[in-house]
Amino acid sequence: MAALDRTLVKSLPLFQKMSDPELDSLLTRATVRRVPQNEAVFEQGAAADFFFLLLHGRLKVTQVTKDGQQIIVRVVNPGDLFGFARALQRSDYPGTATAATESLVLAWPTELWNVFVEKNPHLAVNALHTIGQRLDEAHTRIREMSTEEVERRVAHAVLRLAEKAGKPDGDGIRIDFPISRQDIAEMTGTTLHTVSRILSAWEGQGLVQGGRQKLTLKDIHGLRRLAERIGG
């Protein structure tokens, strides 16, 4: 297969400090995968044979807990590395990555991870930064679930989605991939019924506008006031 055109990834922060020869060497080992909507790139517990970079689309990473509850642990955005279990000293994937929209990913065999990070220090630094960011997000969500009422947790969740995957839409910010009320329930450790009640109330207050797997934030400042409300 012909080598990938480096212009596909040259502008991504992960690769901006790499020389063209270094980037070409990296891309010669990559394969491109097109992932249809709702199809899994990999599943929880499967052997971690590859690590990935999302070029286009959005992915949801879910985990099933020991008691059988499914939670969404993160959303993968374009330019993100994911599935690098080797960096976490794991031989299997800790979650399932599913395409929220049709997506395009680059895949490398896991055995190349150590070679890549040794030869490309910026890649290693970026991976460490990503791991640190995910830990910080996990700690934040644990704190929210332990100390905050559900409405505040939902407000934090939709604001994070808007920050990472929001697109201007008229006088609001639209989440740029299909997002259901069940998804938000799985992000915030609550029930579909509770999320539906909260979002319906917010629609009545003009804070958000919903639809079939759509969510537009109409009043960011109002949602921030809810998220940061003291004593909730």
# chains A, B, ... in the order shown; residues from 1 in each chain; ligands from 1
$ residues_around --residues "Leu14 (chain A)" --least-positions-apart "5" --cutoff "8 Å" --atoms "only C-alpha atoms" --output "list in words"
Gly79, His122, Leu123 and Asn126 of chain A
$ select_by_dssp --residues "region 17-208 of chain A" --states "helix (DSSP H, G or I)" --output "PyMOL selection string"
chain A and resi 20-28+85-88+110-119+121-147+150-165+181-188+192-205
$ atom_distance --atom1 "CA of Arg74 (chain A)" --atom2 "CA of Thr62 (chain A)"
7.3 Å
$ residues_around --residues "region 142-152 of chain A" --least-positions-apart "4" --cutoff "8 Å" --atoms "only C-alpha atoms" --output "ChimeraX atom specification"
/A:138,156,188-190,198,226-229,232
$ write_last_selection --atoms "N, CA, C and O atoms" --output "PDB file, in the first residue's frame"
ATOM      1  N   ALA A 138     -10.894  11.854  35.017  1.00  0.00           N
ATOM      2  CA  ALA A 138     -11.490  10.784  35.826  1.00  0.00           C
ATOM      3  C   ALA A 138     -11.659  11.233  37.272  1.00  0.00           C
ATOM      4  O   ALA A 138     -12.704  10.990  37.895  1.00  0.00           O
ATOM      5  N   HIS A 156     -22.124  19.989  34.142  1.00  0.00           N
ATOM      6  CA  HIS A 156     -20.684  19.838  33.883  1.00  0.00           C
ATOM      7  C   HIS A 156     -20.449  18.988  32.641  1.00  0.00           C
ATOM      8  O   HIS A 156     -19.583  19.304  31.806  1.00  0.00           O
ATOM      9  N   THR A 188     -22.784  10.484  33.481  1.00  0.00           N
ATOM     10  CA  THR A 188     -22.950  11.140  34.773  1.00  0.00           C
ATOM     11  C   THR A 188     -23.381  10.207  35.891  1.00  0.00           C
ATOM     12  O   THR A 188     -23.641  10.656  37.015  1.00  0.00           O
ATOM     13  N   GLY A 189     -23.467   8.912  35.598  1.00  0.00           N
ATOM     14  CA  GLY A 189     -23.776   7.944  36.637  1.00  0.00           C
ATOM     15  C   GLY A 189     -25.183   8.072  37.181  1.00  0.00           C
ATOM     16  O   GLY A 189     -25.420   7.895  38.386  1.00  0.00           O
ATOM     17  N   THR A 190     -26.132   8.381  36.296  1.00  0.00           N
ATOM     18  CA  THR A 190     -27.514   8.503  36.739  1.00  0.00           C
ATOM     19  C   THR A 190     -28.420   7.736  35.776  1.00  0.00           C
ATOM     20  O   THR A 190     -27.942   6.941  34.966  1.00  0.00           O
ATOM     21  N   ILE A 198     -34.330  16.433  33.700  1.00  0.00           N
ATOM     22  CA  ILE A 198     -33.481  17.631  33.782  1.00  0.00           C
ATOM     23  C   ILE A 198     -33.451  18.376  32.445  1.00  0.00           C
ATOM     24  O   ILE A 198     -33.634  19.606  32.399  1.00  0.00           O
ATOM     25  N   LEU A 226     -25.410  26.997  36.838  1.00  0.00           N
ATOM     26  CA  LEU A 226     -25.917  25.748  37.419  1.00  0.00           C
ATOM     27  C   LEU A 226     -24.777  24.830  37.848  1.00  0.00           C
ATOM     28  O   LEU A 226     -24.794  24.251  38.931  1.00  0.00           O
ATOM     29  N   ALA A 227     -23.757  24.708  36.965  1.00  0.00           N
ATOM     30  CA  ALA A 227     -22.650  23.797  37.231  1.00  0.00           C
ATOM     31  C   ALA A 227     -21.851  24.221  38.446  1.00  0.00           C
ATOM     32  O   ALA A 227     -21.355  23.385  39.195  1.00  0.00           O
ATOM     33  N   GLU A 228     -21.722  25.530  38.644  1.00  0.00           N
ATOM     34  CA  GLU A 228     -20.864  26.012  39.714  1.00  0.00           C
ATOM     35  C   GLU A 228     -21.660  26.406  40.960  1.00  0.00           C
ATOM     36  O   GLU A 228     -21.084  26.961  41.912  1.00  0.00           O
ATOM     37  N   ARG A 229     -22.942  26.111  40.970  1.00  0.00           N
ATOM     38  CA  ARG A 229     -23.784  26.491  42.112  1.00  0.00           C
ATOM     39  C   ARG A 229     -23.256  25.851  43.390  1.00  0.00           C
ATOM     40  O   ARG A 229     -22.969  24.646  43.430  1.00  0.00           O
ATOM     41  N   GLY A 232     -25.168  22.635  46.085  1.00  0.00           N
ATOM     42  CA  GLY A 232     -26.197  21.857  45.421  1.00  0.00           C
ATOM     43  C   GLY A 232     -26.065  20.395  45.666  1.00  0.00           C
ATOM     44  O   GLY A 232     -25.134  19.881  46.206  1.00  0.00           O
TER      45      GLY A 232
END
$ select_by_dssp --residues "region 5-185 of chain A" --states "strand (DSSP E)" --output "number ranges by chain"
A: 31-35, 40-42, 50-56, 59-64, 70-76, 81-82, 96-99, 103-109, 166-169, 172-175
$ residues_around --residues "Glu39 (chain A)" --least-positions-apart "5" --cutoff "9 Å" --atoms "only C-alpha atoms" --output "PyMOL selection string"
chain A and resi 97-100+102
$ write_last_selection --atoms "N, CA and C atoms" --output "PDB file, in the first residue's frame"
ATOM      1  N   ALA A  97     -14.313   1.147  22.275  1.00  0.00           N
ATOM      2  CA  ALA A  97     -14.362   2.405  21.507  1.00  0.00           C
ATOM      3  C   ALA A  97     -15.314   2.217  20.336  1.00  0.00           C
ATOM      4  N   THR A  98     -16.402   2.980  20.338  1.00  0.00           N
ATOM      5  CA  THR A  98     -17.442   2.853  19.329  1.00  0.00           C
ATOM      6  C   THR A  98     -17.606   4.167  18.581  1.00  0.00           C
ATOM      7  N   ALA A  99     -17.784   4.076  17.269  1.00  0.00           N
ATOM      8  CA  ALA A  99     -17.940   5.273  16.446  1.00  0.00           C
ATOM      9  C   ALA A  99     -19.302   5.922  16.697  1.00  0.00           C
ATOM     10  N   ALA A 100     -19.280   7.168  17.195  1.00  0.00           N
ATOM     11  CA  ALA A 100     -20.524   7.922  17.362  1.00  0.00           C
ATOM     12  C   ALA A 100     -21.003   8.454  16.014  1.00  0.00           C
ATOM     13  N   GLU A 102     -19.578   8.172  11.584  1.00  0.00           N
ATOM     14  CA  GLU A 102     -18.601   7.494  10.730  1.00  0.00           C
ATOM     15  C   GLU A 102     -17.240   8.135  10.950  1.00  0.00           C
TER      16      GLU A 102
END
$ residues_around --residues "Glu43 (chain A)" --least-positions-apart "3" --cutoff "10 Å" --atoms "only C-alpha atoms" --output "list of chain:residue names"
A:Ala40, A:Ala46, A:Ala47, A:Ala48, A:Val61, A:Thr62, A:Gln63, A:Asp92, A:Tyr93, A:Pro94, A:Gly95, A:Thr96, A:Ala97, A:Thr98
$ write_last_selection --atoms "C-alpha atoms" --output "CSV table (one decimal), in the first residue's frame"
chain,number,residue,atom,x,y,z
A,40,ALA,CA,-16.5,-0.8,17.5
A,46,ALA,CA,-9.9,-7.8,23.7
A,47,ALA,CA,-6.1,-8.2,23.1
A,48,ALA,CA,-4.6,-4.8,22.5
A,61,VAL,CA,-15.3,4.9,25.0
A,62,THR,CA,-17.4,2.9,27.3
A,63,GLN,CA,-16.7,0.5,30.1
A,92,ASP,CA,-6.0,-5.7,26.8
A,93,TYR,CA,-8.2,-2.8,26.1
A,94,PRO,CA,-9.9,-1.4,29.3
A,95,GLY,CA,-12.9,-0.2,27.4
A,96,THR,CA,-14.9,-0.3,24.1
A,97,ALA,CA,-14.4,2.4,21.5
A,98,THR,CA,-17.4,2.9,19.3
$ closest_residue --among "A:Lys164, A:Arg86, A:His56, A:Lys119" --to "Arg33 (chain A)" --atoms "only C-alpha atoms"
A:His56
$ closest_residue --among "A:Gln182, A:Thr110, A:Ser91, A:Asn77" --to "Gly166 (chain A)" --atoms "only C-alpha atoms"
A:Asn77
$ residues_around --residues "region 177-179 of chain A" --least-positions-apart "3" --cutoff "8 Å" --atoms "only C-alpha atoms" --output "list of chain:residue names"
A:Arg58, A:Ala100, A:Thr101, A:Ala165, A:Asp183, A:Ile184, A:Gln213, A:Lys214, A:Leu215
$ write_last_selection --atoms "C-alpha atoms" --output "compact mmCIF listing (two decimals), in the first residue's frame"
# COMPACT_ATOMS: atom_id res chain seq x y z
CA ARG A 58 -16.05 10.98 17.05
CA ALA A 100 -20.52 7.92 17.36
CA THR A 101 -20.34 9.05 13.73
CA ALA A 165 -17.06 19.00 20.39
CA ASP A 183 -25.40 8.72 26.68
CA ILE A 184 -25.55 11.63 29.10
CA GLN A 213 -29.84 12.52 19.42
CA LYS A 214 -29.18 16.26 19.20
CA LEU A 215 -28.31 18.79 21.85
$ atom_distance --atom1 "CA of Leu27 (chain A)" --atom2 "CA of Phe15 (chain A)"
11.0 Å
$ closest_atom_pairs --of "region 124-171 of chain A" --to "region 203-209 of chain A" --cutoff "12 Å" --atoms "only C-alpha atoms" --output "JSON lines"
{"residue": "A:Ala155", "atom": "CA", "partner": "A:Leu207", "partner_atom": "CA", "distance": 10.3}
{"residue": "A:Val158", "atom": "CA", "partner": "A:Val208", "partner_atom": "CA", "distance": 9.9}
{"residue": "A:Leu159", "atom": "CA", "partner": "A:Val208", "partner_atom": "CA", "distance": 11.1}
{"residue": "A:Ala162", "atom": "CA", "partner": "A:Val208", "partner_atom": "CA", "distance": 11.6}
{"residue": "A:Asp169", "atom": "CA", "partner": "A:Gln209", "partner_atom": "CA", "distance": 11.2}
{"residue": "A:Gly170", "atom": "CA", "partner": "A:Gln209", "partner_atom": "CA", "distance": 11.8}
{"residue": "A:Asp171", "atom": "CA", "partner": "A:Val208", "partner_atom": "CA", "distance": 11.0}
$ residues_around --residues "Glu22 (chain A)" --least-positions-apart "2" --cutoff "12 Å" --atoms "only C-alpha atoms" --output "PyMOL selection string"
chain A and resi 6+10+15-20+24-29+116-117+119-123
$ decode --residues "region 122-141 of chain A" --atoms "N, CA and C atoms" --output "tab-separated table (two decimals), in the first residue's frame"
chain	number	residue	atom	x	y	z
A	122	HIS	N	8.44	13.69	21.09
A	122	HIS	CA	7.22	14.49	21.18
A	122	HIS	C	5.99	13.58	21.28
A	123	LEU	N	6.05	12.45	20.61
A	123	LEU	CA	4.96	11.48	20.71
A	123	LEU	C	4.83	10.97	22.14
A	124	ALA	N	5.97	10.68	22.76
A	124	ALA	CA	5.96	10.20	24.14
A	124	ALA	C	5.41	11.26	25.09
A	125	VAL	N	5.84	12.50	24.89
A	125	VAL	CA	5.36	13.60	25.74
A	125	VAL	C	3.86	13.78	25.57
A	126	ASN	N	3.40	13.71	24.33
A	126	ASN	CA	1.98	13.86	24.07
A	126	ASN	C	1.17	12.74	24.71
A	127	ALA	N	1.70	11.51	24.63
A	127	ALA	CA	1.01	10.38	25.25
A	127	ALA	C	0.92	10.56	26.77
A	128	LEU	N	2.01	11.02	27.38
A	128	LEU	CA	2.00	11.27	28.82
A	128	LEU	C	1.01	12.37	29.18
A	129	HIS	N	0.98	13.40	28.34
A	129	HIS	CA	0.03	14.49	28.57
A	129	HIS	C	-1.40	13.97	28.47
A	130	THR	N	-1.65	13.11	27.48
A	130	THR	CA	-2.99	12.55	27.29
A	130	THR	C	-3.39	11.71	28.50
A	131	ILE	N	-2.46	10.87	28.97
A	131	ILE	CA	-2.74	10.03	30.14
A	131	ILE	C	-3.04	10.91	31.36
A	132	GLY	N	-2.22	11.94	31.55
A	132	GLY	CA	-2.45	12.85	32.67
A	132	GLY	C	-3.79	13.56	32.58
A	133	GLN	N	-4.15	13.97	31.38
A	133	GLN	CA	-5.42	14.64	31.17
A	133	GLN	C	-6.59	13.72	31.49
A	134	ARG	N	-6.47	12.46	31.07
A	134	ARG	CA	-7.54	11.50	31.33
A	134	ARG	C	-7.67	11.20	32.81
A	135	LEU	N	-6.54	11.10	33.50
A	135	LEU	CA	-6.59	10.89	34.95
A	135	LEU	C	-7.27	12.06	35.65
A	136	ASP	N	-6.92	13.27	35.21
A	136	ASP	CA	-7.52	14.46	35.80
A	136	ASP	C	-9.03	14.48	35.56
A	137	GLU	N	-9.43	14.12	34.33
A	137	GLU	CA	-10.86	14.07	34.01
A	137	GLU	C	-11.56	13.01	34.87
A	138	ALA	N	-10.89	11.85	35.02
A	138	ALA	CA	-11.49	10.78	35.83
A	138	ALA	C	-11.66	11.23	37.27
A	139	HIS	N	-10.64	11.89	37.83
A	139	HIS	CA	-10.72	12.37	39.20
A	139	HIS	C	-11.83	13.40	39.35
A	140	THR	N	-11.96	14.28	38.35
A	140	THR	CA	-13.01	15.30	38.39
A	140	THR	C	-14.38	14.64	38.40
A	141	ARG	N	-14.58	13.63	37.55
A	141	ARG	CA	-15.88	12.98	37.48
A	141	ARG	C	-16.18	12.20	38.75
